[in-house]
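Okay, input.cif now, which holds mmCIF, C-alpha atoms:
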```
data_input
loop_
_atom_site.label_atom_id
_atom_site.label_comp_id
_atom_site.auth_asym_id
_atom_site.auth_seq_id
_atom_site.Cartn_x
_atom_site.Cartn_y
_atom_site.Cartn_z
CA MET A 222 0.00 0.00 0.00
CA SER A 223 1.53 3.31 -1.04
CA ASN A 224 1.47 6.49 0.97
CA LYS A 225 -0.35 8.23 -1.87
CA SER A 226 -3.38 6.02 -1.27
CA GLN A 227 -3.78 7.15 2.33
CA GLY A 228 -4.96 10.67 1.40
CA LYS A 229 -3.38 12.47 4.38
CA ILE A 230 -0.21 12.69 6.41
CA ILE A 231 -0.45 10.52 9.52
CA ARG A 232 1.13 11.50 12.82
CA ILE A 233 2.36 8.21 14.28
CA GLY A 234 3.64 7.66 17.80
CA ILE A 235 5.95 4.76 18.68
CA ASP A 236 6.54 3.74 22.28
CA ALA A 237 10.32 3.26 22.03
CA ARG A 238 11.07 3.14 25.74
CA PHE A 239 12.58 -0.31 25.08
CA PHE A 240 14.87 1.11 22.34
CA GLY A 241 18.42 -0.29 22.23
CA PRO A 242 20.42 -3.51 22.56
CA ARG A 243 20.42 -3.55 26.38
CA GLN A 244 16.68 -4.29 26.25
CA LYS A 245 17.42 -7.64 24.60
CA GLY A 246 15.26 -8.90 21.71
CA LEU A 247 12.47 -6.39 22.22
CA GLY A 248 14.98 -3.52 22.27
CA ARG A 249 16.53 -4.74 19.02
CA TYR A 250 13.08 -4.95 17.40
CA VAL A 251 12.14 -1.39 18.39
CA GLN A 252 15.51 0.01 17.33
CA LYS A 253 15.54 -1.68 13.91
CA LEU A 254 11.88 -0.84 13.24
CA VAL A 255 12.39 2.88 13.94
CA GLU A 256 15.67 3.06 12.00
CA ASN A 257 14.16 1.38 8.96
CA LEU A 258 10.92 3.38 9.08
CA GLU A 259 13.14 6.48 8.80
CA LYS A 260 14.45 5.12 5.49
CA THR A 261 11.10 3.74 4.29
CA ASP A 262 8.61 6.49 5.11
CA LEU A 263 9.43 9.97 3.81
CA THR A 264 5.83 11.23 4.07
CA ASN A 265 4.34 10.74 7.52
CA SER A 266 5.50 12.29 10.79
CA TYR A 267 6.61 10.29 13.83
CA VAL A 268 6.89 10.89 17.55
CA ILE A 269 9.38 8.52 19.20
CA PHE A 270 8.88 8.18 22.95
CA LEU A 271 12.08 7.40 24.90
CA ARG A 272 13.39 7.17 28.44
CA LYS A 273 16.38 9.07 29.84
CA LYS A 274 18.50 5.91 29.77
CA ASN A 275 18.15 5.47 26.00
CA TRP A 276 17.57 9.10 24.98
CA SER A 277 21.05 9.51 23.48
CA GLU A 278 21.00 6.10 21.76
CA TYR A 279 18.54 7.35 19.16
CA GLN A 280 19.44 10.30 16.96
CA PRO A 281 16.83 10.90 14.19
CA THR A 282 18.19 11.09 10.64
CA ASN A 283 14.78 11.82 9.06
CA PRO A 284 13.40 15.34 9.75
CA ASN A 285 9.88 13.89 10.11
CA PHE A 286 10.98 11.96 13.23
CA LYS A 287 10.93 13.72 16.60
CA LYS A 288 12.05 12.48 20.02
CA VAL A 289 9.89 13.00 23.12
CA LEU A 290 10.93 12.14 26.67
CA ALA A 291 8.57 9.72 28.44
CA ASP A 292 10.65 8.57 31.37
CA TYR A 293 8.13 6.17 32.91
CA PRO A 294 9.29 2.71 34.01
CA TRP A 295 7.83 -0.26 32.14
CA TYR A 296 4.92 -2.07 33.82
CA SER A 297 4.51 0.76 36.35
CA LEU A 298 1.64 2.87 37.66
CA LYS A 299 3.29 5.91 36.04
CA GLU A 300 3.17 4.11 32.71
CA GLN A 301 -0.55 3.49 33.13
CA ILE A 302 -1.46 7.02 34.26
CA LEU A 303 1.14 9.45 32.90
CA MET A 304 1.98 7.83 29.56
CA PRO A 305 -1.53 8.47 28.11
CA LEU A 306 -1.24 12.15 29.13
CA LYS A 307 2.17 12.45 27.48
CA ILE A 308 0.88 10.86 24.26
CA ARG A 309 -2.19 13.12 24.24
CA GLN A 310 0.09 16.22 24.39
CA THR A 311 1.78 15.17 21.13
CA GLN A 312 -1.55 14.83 19.28
CA VAL A 313 -0.67 11.64 17.41
CA ASP A 314 -3.28 10.04 15.15
CA LEU A 315 -2.09 6.50 15.81
CA MET A 316 0.12 4.84 18.43
CA HIS A 317 2.24 1.74 17.99
CA PHE A 318 2.98 -0.11 21.22
CA PRO A 319 5.64 -2.72 20.34
CA HIS A 320 4.78 -4.73 23.45
CA PHE A 321 1.63 -5.73 25.31
CA ASN A 322 1.97 -3.02 28.02
CA VAL A 323 -0.62 -0.60 26.63
CA PRO A 324 -1.99 1.81 29.24
CA ILE A 325 -5.57 0.77 29.97
CA PHE A 326 -6.63 4.45 30.08
CA TYR A 327 -5.34 5.15 26.57
CA LYS A 328 -8.45 5.45 24.38
CA LYS A 329 -7.14 6.58 20.97
CA PRO A 330 -6.43 4.18 18.05
CA PHE A 331 -3.38 1.96 18.46
CA VAL A 332 -1.53 -1.02 17.01
CA ILE A 333 0.37 -3.52 19.15
CA THR A 334 3.09 -6.05 18.47
CA ILE A 335 2.94 -9.29 20.43
CA HIS A 336 6.23 -11.17 20.36
CA ASP A 337 5.24 -14.15 22.47
CA LEU A 338 2.93 -15.28 25.25
CA ILE A 339 5.62 -16.80 27.45
CA LEU A 340 4.15 -15.22 30.59
CA LYS A 341 0.92 -17.11 29.90
CA LYS A 342 2.66 -20.37 28.96
CA PHE A 343 5.22 -20.25 31.79
CA PRO A 344 3.46 -18.45 34.68
CA THR A 345 6.05 -19.43 37.24
CA ARG A 346 7.56 -17.43 40.08
CA ARG A 347 10.98 -18.83 39.15
CA ALA A 348 10.87 -16.34 36.29
CA SER A 349 10.47 -13.46 38.75
CA THR A 350 12.51 -11.84 41.52
CA LEU A 351 9.36 -10.81 43.40
CA ASP A 352 7.98 -12.23 46.65
CA PRO A 353 4.79 -14.37 46.29
CA MET A 354 2.29 -11.60 47.08
CA ARG A 355 3.88 -9.02 44.78
CA TYR A 356 4.26 -11.64 42.05
CA TRP A 357 0.55 -12.51 42.34
CA PHE A 358 -0.44 -8.84 41.93
CA LYS A 359 2.00 -8.36 39.04
CA ASN A 360 0.65 -11.42 37.24
CA LEU A 361 -2.94 -10.21 37.76
CA ALA A 362 -2.00 -6.79 36.35
CA TYR A 363 -0.36 -8.49 33.35
CA GLN A 364 -3.55 -10.45 32.64
CA ILE A 365 -5.69 -7.29 32.82
CA VAL A 366 -3.36 -5.19 30.66
CA ILE A 367 -2.77 -7.74 27.89
CA ASN A 368 -6.45 -8.71 27.70
CA SER A 369 -7.37 -5.03 27.40
CA ALA A 370 -4.68 -4.43 24.76
CA VAL A 371 -5.72 -7.37 22.57
CA LYS A 372 -9.39 -6.41 22.79
CA ARG A 373 -8.90 -2.69 21.98
CA ALA A 374 -6.09 -2.80 19.39
CA LYS A 375 -7.05 -1.86 15.84
CA LYS A 376 -4.46 -4.32 14.56
CA ILE A 377 -2.18 -6.87 16.22
CA ILE A 378 1.22 -7.62 14.72
CA ALA A 379 2.49 -11.13 15.50
CA VAL A 380 6.13 -11.89 14.76
CA SER A 381 5.43 -15.48 13.63
CA GLU A 382 2.58 -17.79 12.66
CA PHE A 383 3.27 -19.63 15.93
CA THR A 384 2.63 -16.46 17.93
CA LYS A 385 -0.53 -15.76 15.94
CA LYS A 386 -1.86 -19.23 16.78
CA ASP A 387 -1.05 -18.64 20.45
CA ILE A 388 -2.94 -15.32 20.43
CA LEU A 389 -5.99 -17.04 18.94
CA LYS A 390 -5.66 -19.84 21.49
CA TYR A 391 -5.55 -17.59 24.55
CA PHE A 392 -7.77 -14.67 23.48
CA LYS A 393 -11.15 -14.22 21.85
CA THR A 394 -10.22 -12.13 18.84
CA ASP A 395 -10.73 -12.20 15.08
CA SER A 396 -7.87 -13.83 13.15
CA LYS A 397 -8.26 -11.09 10.50
CA LYS A 398 -7.19 -8.57 13.13
CA ILE A 399 -3.77 -10.26 13.40
CA LYS A 400 -1.05 -9.73 10.80
CA VAL A 401 2.14 -11.80 10.84
CA ILE A 402 5.19 -9.62 10.16
CA TYR A 403 8.55 -11.32 10.58
CA GLU A 404 11.51 -9.56 12.12
CA GLY A 405 14.78 -9.10 10.23
CA THR A 406 18.42 -9.92 10.76
CA SER A 407 21.08 -7.33 11.44
CA GLY A 408 22.85 -8.29 8.23
CA ILE A 409 26.26 -8.57 9.89
CA GLY A 410 27.11 -11.11 7.19
CA LEU A 411 30.69 -11.74 8.30
CA SER A 412 32.74 -14.30 6.44
CA ARG A 413 34.04 -17.26 8.40
CA PRO A 414 37.75 -17.26 9.24
CA ASN A 415 40.14 -20.05 8.32
CA PRO A 416 38.72 -23.21 9.99
CA ASN A 417 42.09 -23.88 11.59
CA LYS A 418 41.80 -20.55 13.42
CA THR A 419 38.25 -21.13 14.64
CA LYS A 420 38.25 -21.30 18.43
CA PRO A 421 36.66 -24.37 20.03
CA TYR A 422 33.66 -22.90 21.78
CA LEU A 423 29.90 -23.19 21.67
CA LEU A 424 28.01 -19.88 21.71
CA TYR A 425 24.69 -18.81 23.22
CA VAL A 426 23.41 -15.21 23.07
CA GLY A 427 20.36 -14.11 25.07
CA ASN A 428 18.97 -13.81 28.57
CA ALA A 429 18.90 -16.51 31.25
CA TYR A 430 15.19 -16.63 32.07
CA PRO A 431 14.04 -20.14 33.08
CA HIS A 432 12.32 -20.84 29.74
CA LYS A 433 15.67 -20.30 28.00
CA ASN A 434 16.60 -23.74 29.35
CA LEU A 435 20.25 -22.94 30.05
CA LYS A 436 20.64 -25.42 32.90
CA ARG A 437 19.99 -28.26 30.47
CA LEU A 438 22.43 -26.66 28.03
CA ILE A 439 25.13 -26.70 30.71
CA LEU A 440 24.40 -30.36 31.51
CA ALA A 441 24.52 -31.19 27.80
CA PHE A 442 27.81 -29.29 27.47
CA LYS A 443 29.23 -31.40 30.29
CA LYS A 444 28.45 -34.53 28.26
CA VAL A 445 29.86 -33.00 25.07
CA ALA A 446 33.07 -31.88 26.78
CA GLY A 447 33.54 -35.41 28.14
CA ASN A 448 33.22 -36.90 24.65
CA LYS A 449 35.32 -34.39 22.74
CA GLN A 450 39.07 -34.10 22.75
CA GLY A 451 40.52 -30.64 23.16
CA ASP A 452 39.73 -27.55 25.19
CA LEU A 453 36.05 -26.90 24.40
CA ARG A 454 34.25 -23.98 26.06
CA LEU A 455 30.68 -22.73 26.35
CA VAL A 456 30.33 -18.95 26.02
CA LEU A 457 27.10 -17.39 27.33
CA VAL A 458 26.50 -13.77 26.26
CA GLY A 459 24.00 -11.71 28.25
CA GLU A 460 23.95 -9.00 30.89
CA ILE A 461 24.76 -10.49 34.29
CA ASP A 462 21.40 -9.97 35.99
CA TYR A 463 19.64 -11.93 38.73
CA PHE A 464 18.98 -14.90 36.42
CA TYR A 465 22.54 -15.12 35.12
CA LYS A 466 23.88 -14.88 38.69
CA ARG A 467 21.61 -17.77 39.63
CA LEU A 468 22.92 -19.79 36.67
CA LYS A 469 26.50 -18.91 37.58
CA SER A 470 25.90 -20.28 41.10
CA PHE A 471 24.47 -23.47 39.56
CA VAL A 472 27.69 -23.97 37.58
CA GLN A 473 29.98 -23.13 40.50
CA ASN A 474 28.08 -25.38 42.92
CA SER A 475 28.04 -28.33 40.53
CA GLN A 476 31.61 -29.24 41.60
CA SER A 477 32.18 -30.21 37.99
CA SER A 478 35.29 -30.18 35.88
CA ILE A 479 33.47 -27.90 33.41
CA SER A 480 33.05 -24.96 35.79
CA ASP A 481 36.15 -23.27 34.34
CA SER A 482 34.98 -23.99 30.79
CA VAL A 483 31.68 -22.07 31.05
CA VAL A 484 32.34 -18.40 30.25
CA PHE A 485 29.83 -15.71 31.30
CA ALA A 486 30.61 -12.88 28.87
CA ASP A 487 28.15 -10.28 30.26
CA PHE A 488 26.79 -7.51 28.00
CA ILE A 489 29.18 -6.78 25.13
CA SER A 490 29.40 -4.34 22.21
CA ASN A 491 28.08 -5.16 18.74
CA GLN A 492 31.64 -5.51 17.42
CA GLU A 493 32.61 -7.91 20.22
CA LEU A 494 29.42 -9.89 19.56
CA ALA A 495 30.22 -10.04 15.84
CA ASP A 496 33.69 -11.38 16.67
CA LEU A 497 32.20 -14.09 18.90
CA TYR A 498 29.71 -15.13 16.20
CA GLN A 499 32.48 -15.19 13.61
CA ASN A 500 34.91 -17.37 15.54
CA ALA A 501 32.62 -19.85 17.33
CA SER A 502 32.40 -23.52 16.40
CA LEU A 503 28.63 -23.74 16.79
CA TYR A 504 25.63 -21.69 17.93
CA VAL A 505 23.30 -23.44 20.40
CA PHE A 506 19.76 -22.26 21.17
CA PRO A 507 18.04 -24.51 23.76
CA SER A 508 14.94 -22.38 24.49
CA LEU A 509 11.66 -24.05 25.47
CA CYS A 510 9.58 -21.31 23.83
CA GLU A 511 10.21 -18.37 21.49
CA GLY A 512 8.04 -15.93 19.58
CA PHE A 513 10.54 -15.46 16.76
CA GLY A 514 14.13 -16.46 17.61
CA LEU A 515 16.40 -13.65 16.42
CA PRO A 516 19.81 -14.82 17.82
CA PRO A 517 20.05 -18.04 15.77
CA LEU A 518 19.19 -16.04 12.63
CA GLU A 519 21.99 -13.60 13.44
CA ALA A 520 24.31 -16.60 13.87
CA MET A 521 23.28 -17.81 10.40
CA ALA A 522 23.98 -14.32 9.01
CA CYS A 523 27.52 -14.72 10.38
CA GLN A 524 27.87 -18.11 8.63
CA LEU A 525 27.80 -20.02 11.91
CA PRO A 526 26.21 -23.52 12.06
CA VAL A 527 23.11 -23.61 14.29
CA VAL A 528 21.65 -26.32 16.50
CA CYS A 529 18.44 -25.52 18.37
CA SER A 530 15.22 -26.68 20.02
CA LYS A 531 12.55 -28.28 17.91
CA THR A 532 9.82 -26.27 19.54
CA SER A 533 7.49 -23.25 19.20
CA CYS A 534 8.34 -20.98 16.24
CA LEU A 535 11.90 -22.17 15.64
CA PRO A 536 11.30 -24.75 12.88
CA GLU A 537 8.98 -22.21 11.19
CA VAL A 538 11.60 -19.45 11.20
CA LEU A 539 14.85 -21.40 10.80
CA GLY A 540 13.58 -24.08 8.42
CA SER A 541 16.24 -26.46 7.10
CA GLY A 542 19.05 -24.14 8.25
CA ALA A 543 19.44 -25.81 11.65
CA VAL A 544 19.76 -29.22 13.28
CA TYR A 545 17.04 -29.70 15.90
CA PHE A 546 16.94 -31.46 19.29
CA ASN A 547 14.34 -32.18 21.96
CA PRO A 548 14.88 -29.32 24.47
CA GLN A 549 13.64 -31.50 27.34
CA SER A 550 16.36 -34.12 26.67
CA VAL A 551 19.92 -33.38 27.78
CA ASP A 552 21.12 -36.50 25.94
CA ASP A 553 19.51 -35.50 22.63
CA MET A 554 20.92 -31.98 22.94
CA ALA A 555 24.42 -33.35 23.58
CA ASP A 556 24.13 -35.88 20.74
CA LYS A 557 23.12 -33.25 18.19
CA ILE A 558 25.89 -30.87 19.28
CA LEU A 559 28.48 -33.65 18.94
CA GLN A 560 27.04 -34.71 15.58
CA ILE A 561 27.71 -31.26 14.10
CA LEU A 562 31.08 -30.75 15.77
CA LYS A 563 32.35 -34.02 14.28
CA ASP A 564 30.93 -33.55 10.77
CA LYS A 565 32.61 -30.86 8.65
CA GLU A 566 30.36 -31.64 5.67
CA LEU A 567 27.25 -31.07 7.81
CA GLN A 568 28.70 -27.79 9.11
CA ASP A 569 29.21 -26.55 5.55
CA LYS A 570 25.68 -27.63 4.59
CA LEU A 571 24.16 -25.73 7.53
CA ILE A 572 26.18 -22.60 6.72
CA LEU A 573 24.96 -22.71 3.13
CA LYS A 574 21.31 -23.31 4.07
CA GLY A 575 21.45 -20.68 6.80
CA GLY A 576 22.79 -18.10 4.36
CA GLN A 577 19.81 -18.73 2.07
CA ILE A 578 17.26 -18.56 4.90
CA VAL A 579 18.39 -15.24 6.40
CA LYS A 580 17.71 -13.53 3.06
CA LYS A 581 13.98 -13.92 3.83
CA TYR A 582 14.25 -11.75 6.94
CA GLN A 583 14.97 -8.09 6.18
CA TRP A 584 14.30 -5.17 8.51
CA THR A 585 13.38 -3.01 5.51
CA LYS A 586 10.59 -5.49 4.74
CA THR A 587 9.49 -5.45 8.40
CA ALA A 588 9.30 -1.64 8.32
CA GLN A 589 7.39 -1.51 5.03
CA GLN A 590 4.81 -4.08 6.13
CA THR A 591 4.39 -2.27 9.46
CA LEU A 592 3.90 1.04 7.63
CA ASN A 593 1.22 -0.64 5.53
CA ILE A 594 -0.59 -1.52 8.76
CA TYR A 595 -0.40 2.11 9.96
CA ILE A 596 -1.91 3.33 6.69
CA GLN A 597 -4.60 0.65 6.62
CA VAL A 598 -5.71 1.43 10.17
CA SER A 599 -5.71 5.19 9.51
CA ILE A 600 -7.83 4.84 6.37
CA ASN A 601 -10.36 2.64 8.12
#
```
Please express the file's structure as structure tokens.
Amino acid sequence: MSNKSQGKIIRIGIDARFFGPRQKGLGRYVQKLVENLEKTDLTNSYVIFLRKKNWSEYQPTNPNFKKVLADYPWYSLKEQILMPLKIRQTQVDLMHFPHFNVPIFYKKPFVITIHDLILKKFPTRRASTLDPMRYWFKNLAYQIVINSAVKRAKKIIAVSEFTKKDILKYFKTDSKKIKVIYEGTSGIGLSRPNPNKTKPYLLYVGNAYPHKNLKRLILAFKKVAGNKQGDLRLVLVGEIDYFYKRLKSFVQNSQSSISDSVVFADFISNQELADLYQNASLYVFPSLCEGFGLPPLEAMACQLPVVCSKTSCLPEVLGSGAVYFNPQSVDDMADKILQILKDKELQDKLILKGGQIVKKYQWTKTAQQTLNIYIQVSIN
């Protein structure tokens, strides 16, 4: 749908308080969407709402994009009460909330993106740092907010067919209201170094929430390290928060010979991350549930073989570009990792397939399809 067909200039607001790589997958989505909308849409005007902590991370390059400070913590009372007032002051025609946390008092037209329903599928207090009473209230608030958002949204963007099916499973809403728009890859596209220089380590990039299944990965790594000659390591990349500290204690308390072989890399720069992708032996993604699965795609873009869970959206997104294992089985995970490490021909096949698959996922396409949604909603 072209901008000419919309008949007027739309003033679009984007809640970008998650903007930036420190906010993990959601932060990457918001950042890449805004950056590519700047290149894609030269007609409409945009208001980008940011917090103080990421205010300097975004510098508009399109004169139609304007920053506005909305320094309200996510999932807070201020978000619910003050965010609608801030949006109203900017007089936007349409808001895009790239997460489910839409203020229940916001009454103007909006679009939401739902990345996954992990909080519904894994409603466990192990995934929270809160005491039981506060966790109960937070979970109740989540149920109220997401139900309200799904019901009131003009359009819902799902990042995979799997997520769309989950939305229809958990909420009473029209399937025509949901549009699947895939995310993109960062297009790092680094060439692989000489195989003889490749360092013997497995790589995981992401957070350490319980559904990420990293304890089983560590147990599988222990089996792999025992069956493979040489100094193999497991490198885990993610900001050392409460969940990573808990995982670190699990490794240290295991009294295992692998404790020195598990490296907690913390939050690192994009260049350092690119170097790790480029030089790893294998990328491992053991998650029990994902809405899209961006890290293994980025590994494919760096010509790194991928092995991952055969669950949720991952076979849909990664297709034949990965070898899959049962994420509930430590033995199957270890077997599949060893299978790839020992088979150079299979590694080359996965690199080739992965390179073909990542071409499907472009942020420019994500931005254009999202813009089409904005226009469609504004016309109707």
Suppose a student applies the PyMOL selection byres ((chain A and resi 568) around 12) to this structure; what residues should they get, written as a PDB file with C-alpha atoms, in the coordinates of the input?
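Result file follows (part36.pdb):
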```pdb
ATOM      1  CA  ARG A 413      34.040 -17.260   8.400  1.00  0.00           C
ATOM      2  CA  PRO A 416      38.720 -23.210   9.990  1.00  0.00           C
ATOM      3  CA  SER A 502      32.400 -23.520  16.400  1.00  0.00           C
ATOM      4  CA  LEU A 503      28.630 -23.740  16.790  1.00  0.00           C
ATOM      5  CA  TYR A 504      25.630 -21.690  17.930  1.00  0.00           C
ATOM      6  CA  MET A 521      23.280 -17.810  10.400  1.00  0.00           C
ATOM      7  CA  GLN A 524      27.870 -18.110   8.630  1.00  0.00           C
ATOM      8  CA  LEU A 525      27.800 -20.020  11.910  1.00  0.00           C
ATOM      9  CA  PRO A 526      26.210 -23.520  12.060  1.00  0.00           C
ATOM     10  CA  VAL A 527      23.110 -23.610  14.290  1.00  0.00           C
ATOM     11  CA  VAL A 528      21.650 -26.320  16.500  1.00  0.00           C
ATOM     12  CA  GLY A 542      19.050 -24.140   8.250  1.00  0.00           C
ATOM     13  CA  ALA A 543      19.440 -25.810  11.650  1.00  0.00           C
ATOM     14  CA  VAL A 544      19.760 -29.220  13.280  1.00  0.00           C
ATOM     15  CA  LYS A 557      23.120 -33.250  18.190  1.00  0.00           C
ATOM     16  CA  ILE A 558      25.890 -30.870  19.280  1.00  0.00           C
ATOM     17  CA  LEU A 559      28.480 -33.650  18.940  1.00  0.00           C
ATOM     18  CA  GLN A 560      27.040 -34.710  15.580  1.00  0.00           C
ATOM     19  CA  ILE A 561      27.710 -31.260  14.100  1.00  0.00           C
ATOM     20  CA  LEU A 562      31.080 -30.750  15.770  1.00  0.00           C
ATOM     21  CA  LYS A 563      32.350 -34.020  14.280  1.00  0.00           C
ATOM     22  CA  ASP A 564      30.930 -33.550  10.770  1.00  0.00           C
ATOM     23  CA  LYS A 565      32.610 -30.860   8.650  1.00  0.00           C
ATOM     24  CA  GLU A 566      30.360 -31.640   5.670  1.00  0.00           C
ATOM     25  CA  LEU A 567      27.250 -31.070   7.810  1.00  0.00           C
ATOM     26  CA  ASP A 569      29.210 -26.550   5.550  1.00  0.00           C
ATOM     27  CA  LYS A 570      25.680 -27.630   4.590  1.00  0.00           C
ATOM     28  CA  LEU A 571      24.160 -25.730   7.530  1.00  0.00           C
ATOM     29  CA  ILE A 572      26.180 -22.600   6.720  1.00  0.00           C
ATOM     30  CA  LEU A 573      24.960 -22.710   3.130  1.00  0.00           C
ATOM     31  CA  LYS A 574      21.310 -23.310   4.070  1.00  0.00           C
ATOM     32  CA  GLY A 575      21.450 -20.680   6.800  1.00  0.00           C
TER      33      GLY A 575
END
```
Reference answer for the PyMOL selection byres ((chain A and resi 361-369) around 10), as a list in words: Tyr296, Ser297, Gln301, His320, Phe321, Asn322, Val323, Pro324, Ile325, Phe326, Ile335, Leu338, Leu340, Lys341, Arg355, Tyr356, Trp357, Phe358, Lys359, Asn360, Ala370, Val371, Lys372, Arg373, Ala374, Tyr391, Phe392 and Lys393 of chain A
Atomic distance CA of Pro305 in chain A - CA of Lys398 in chain A, expressed in Å with one decimal: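 Atom-to-atom, CA of Pro305 in chain A to CA of Lys398 in chain A, that is 23.4 Å.
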Listed atoms of range 378-391 of chain A boxed along x, y and z, 5 Å each side, centre and edge lengths in Å, one decimal, as AutoDock Vina command-line options:
```
--center_x 0.1 --center_y -13.7 --center_z 18.6 --size_x 22.1 --size_y 22.2 --size_z 21.9
```
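Distances from A:Val426, A:Ile600, A:Val332, A:Cys510 to Ala379 in chain A were compared using all atoms listed in the file, and the smallest one belongs to A:Val332.
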Can you turn the PyMOL selection byres ((chain A and resi 490) around 12) into a concrete residue list for this file, as an mmCIF file with C-alpha atoms, in the frame of the given file?
```
data_model
loop_
_atom_site.group_PDB
_atom_site.id
_atom_site.type_symbol
_atom_site.label_atom_id
_atom_site.label_comp_id
_atom_site.auth_asym_id
_atom_site.auth_seq_id
_atom_site.Cartn_x
_atom_site.Cartn_y
_atom_site.Cartn_z
ATOM 1 C CA GLY A 241 18.420 -0.290 22.230
ATOM 2 C CA PRO A 242 20.420 -3.510 22.560
ATOM 3 C CA ARG A 243 20.420 -3.550 26.380
ATOM 4 C CA VAL A 458 26.500 -13.770 26.260
ATOM 5 C CA GLY A 459 24.000 -11.710 28.250
ATOM 6 C CA GLU A 460 23.950 -9.000 30.890
ATOM 7 C CA ALA A 486 30.610 -12.880 28.870
ATOM 8 C CA ASP A 487 28.150 -10.280 30.260
ATOM 9 C CA PHE A 488 26.790 -7.510 28.000
ATOM 10 C CA ILE A 489 29.180 -6.780 25.130
ATOM 11 C CA ASN A 491 28.080 -5.160 18.740
ATOM 12 C CA GLN A 492 31.640 -5.510 17.420
ATOM 13 C CA GLU A 493 32.610 -7.910 20.220
ATOM 14 C CA LEU A 494 29.420 -9.890 19.560
ATOM 15 C CA ALA A 495 30.220 -10.040 15.840
ATOM 16 C CA ASP A 496 33.690 -11.380 16.670
ATOM 17 C CA LEU A 497 32.200 -14.090 18.900
#
```
Selected residue, from A:Tyr293, A:Tyr430, A:Phe442, A:Phe506, that lies nearest to Leu535 in chain A when counting all atoms listed in the file: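 That would be A:Phe506, the residue with the smallest distance to Leu535 in chain A.
Nearest residue to Ser599 in chain A among A:Gln549, A:Asn265, A:Gln499, A:Ser470 is A:Asn265, counting only C-alpha atoms.
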Gap from CA of Pro319 in chain A to CA of Leu468 in chain A - Å, one decimal: 29.3 Å
Distance query Phe383 in chain A at most 7 Å, all atoms listed in the file, self and fewer than 2 positions along chain excluded, as a PyMOL selection string: chain A and resi 381+385-387+533-534
Would you export the selected residues with C-alpha atoms as a PDB file, in the coordinates of the input, please?
```pdb
ATOM      1  CA  SER A 381       5.430 -15.480  13.630  1.00  0.00           C
ATOM      2  CA  LYS A 385      -0.530 -15.760  15.940  1.00  0.00           C
ATOM      3  CA  LYS A 386      -1.860 -19.230  16.780  1.00  0.00           C
ATOM      4  CA  ASP A 387      -1.050 -18.640  20.450  1.00  0.00           C
ATOM      5  CA  SER A 533       7.490 -23.250  19.200  1.00  0.00           C
ATOM      6  CA  CYS A 534       8.340 -20.980  16.240  1.00  0.00           C
TER       7      CYS A 534
END
```
Selection as JSON, numbers by chain: residues within 12 Å of (-4.3, 10.0, 29.6), counting only C-alpha atoms: {"A": [299, 300, 301, 302, 303, 304, 305, 306, 307, 308, 309, 310, 311, 312, 323, 324, 325, 326, 327, 328, 329]}
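CA of Ala237 in chain A is found 19.6 Å from CA of Ile596 in chain A.
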Residues near Ser508 in chain A, cut-off 7 Å, all atoms listed in the file, skip fewer than 3 positions along chain, as a list of chain:residue names: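 The contact residues come out as A:His432, A:Lys433, A:Asn434, A:Glu511, A:Ser530, A:Pro548.
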Let me see the file: selected residues, C-alpha atoms, as a CSV table (one decimal), keeping the file's coordinate frame.
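Result saved to part-v2.csv:
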```
chain,number,residue,atom,x,y,z
A,432,HIS,CA,12.3,-20.8,29.7
A,433,LYS,CA,15.7,-20.3,28.0
A,434,ASN,CA,16.6,-23.7,29.4
A,511,GLU,CA,10.2,-18.4,21.5
A,530,SER,CA,15.2,-26.7,20.0
A,548,PRO,CA,14.9,-29.3,24.5
```
From A:Asn283, A:Lys273, A:Ile231, A:Lys376, residue lying nearest Val255 in chain A [all atoms listed in the file]: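 Among A:Asn283, A:Lys273, A:Ile231, A:Lys376, it is A:Asn283 that comes nearest to Val255 in chain A.
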Pick from A:Val484, A:Ala522, A:Val538, A:Ile578 nearest to Tyr403 in chain A, counting all atoms listed in the file: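 Among A:Val484, A:Ala522, A:Val538, A:Ile578, it is A:Val538 that comes nearest to Tyr403 in chain A.
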Filled-in N, CA and C atoms of range 385-391 of chain A, supplied as a short mmCIF file (atom, residue, chain, number, x, y, z; two decimals), keeping the file's coordinate frame:
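Contents of the output file rebuild14.cif:
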```
data_model
loop_
_atom_site.label_atom_id
_atom_site.label_comp_id
_atom_site.auth_asym_id
_atom_site.auth_seq_id
_atom_site.Cartn_x
_atom_site.Cartn_y
_atom_site.Cartn_z
N LYS A 385 0.86 -16.02 16.33
CA LYS A 385 -0.53 -15.76 15.94
C LYS A 385 -1.46 -16.86 16.45
N LYS A 386 -1.04 -18.11 16.29
CA LYS A 386 -1.86 -19.23 16.78
C LYS A 386 -2.03 -19.17 18.29
N ASP A 387 -0.96 -18.78 18.99
CA ASP A 387 -1.05 -18.64 20.45
C ASP A 387 -2.03 -17.54 20.85
N ILE A 388 -2.01 -16.42 20.14
CA ILE A 388 -2.94 -15.32 20.43
C ILE A 388 -4.38 -15.80 20.27
N LEU A 389 -4.63 -16.53 19.19
CA LEU A 389 -5.99 -17.04 18.94
C LEU A 389 -6.38 -18.10 19.96
N LYS A 390 -5.40 -18.80 20.48
CA LYS A 390 -5.66 -19.84 21.49
C LYS A 390 -6.04 -19.23 22.83
N TYR A 391 -5.37 -18.16 23.21
CA TYR A 391 -5.55 -17.59 24.55
C TYR A 391 -6.55 -16.43 24.62
#
```
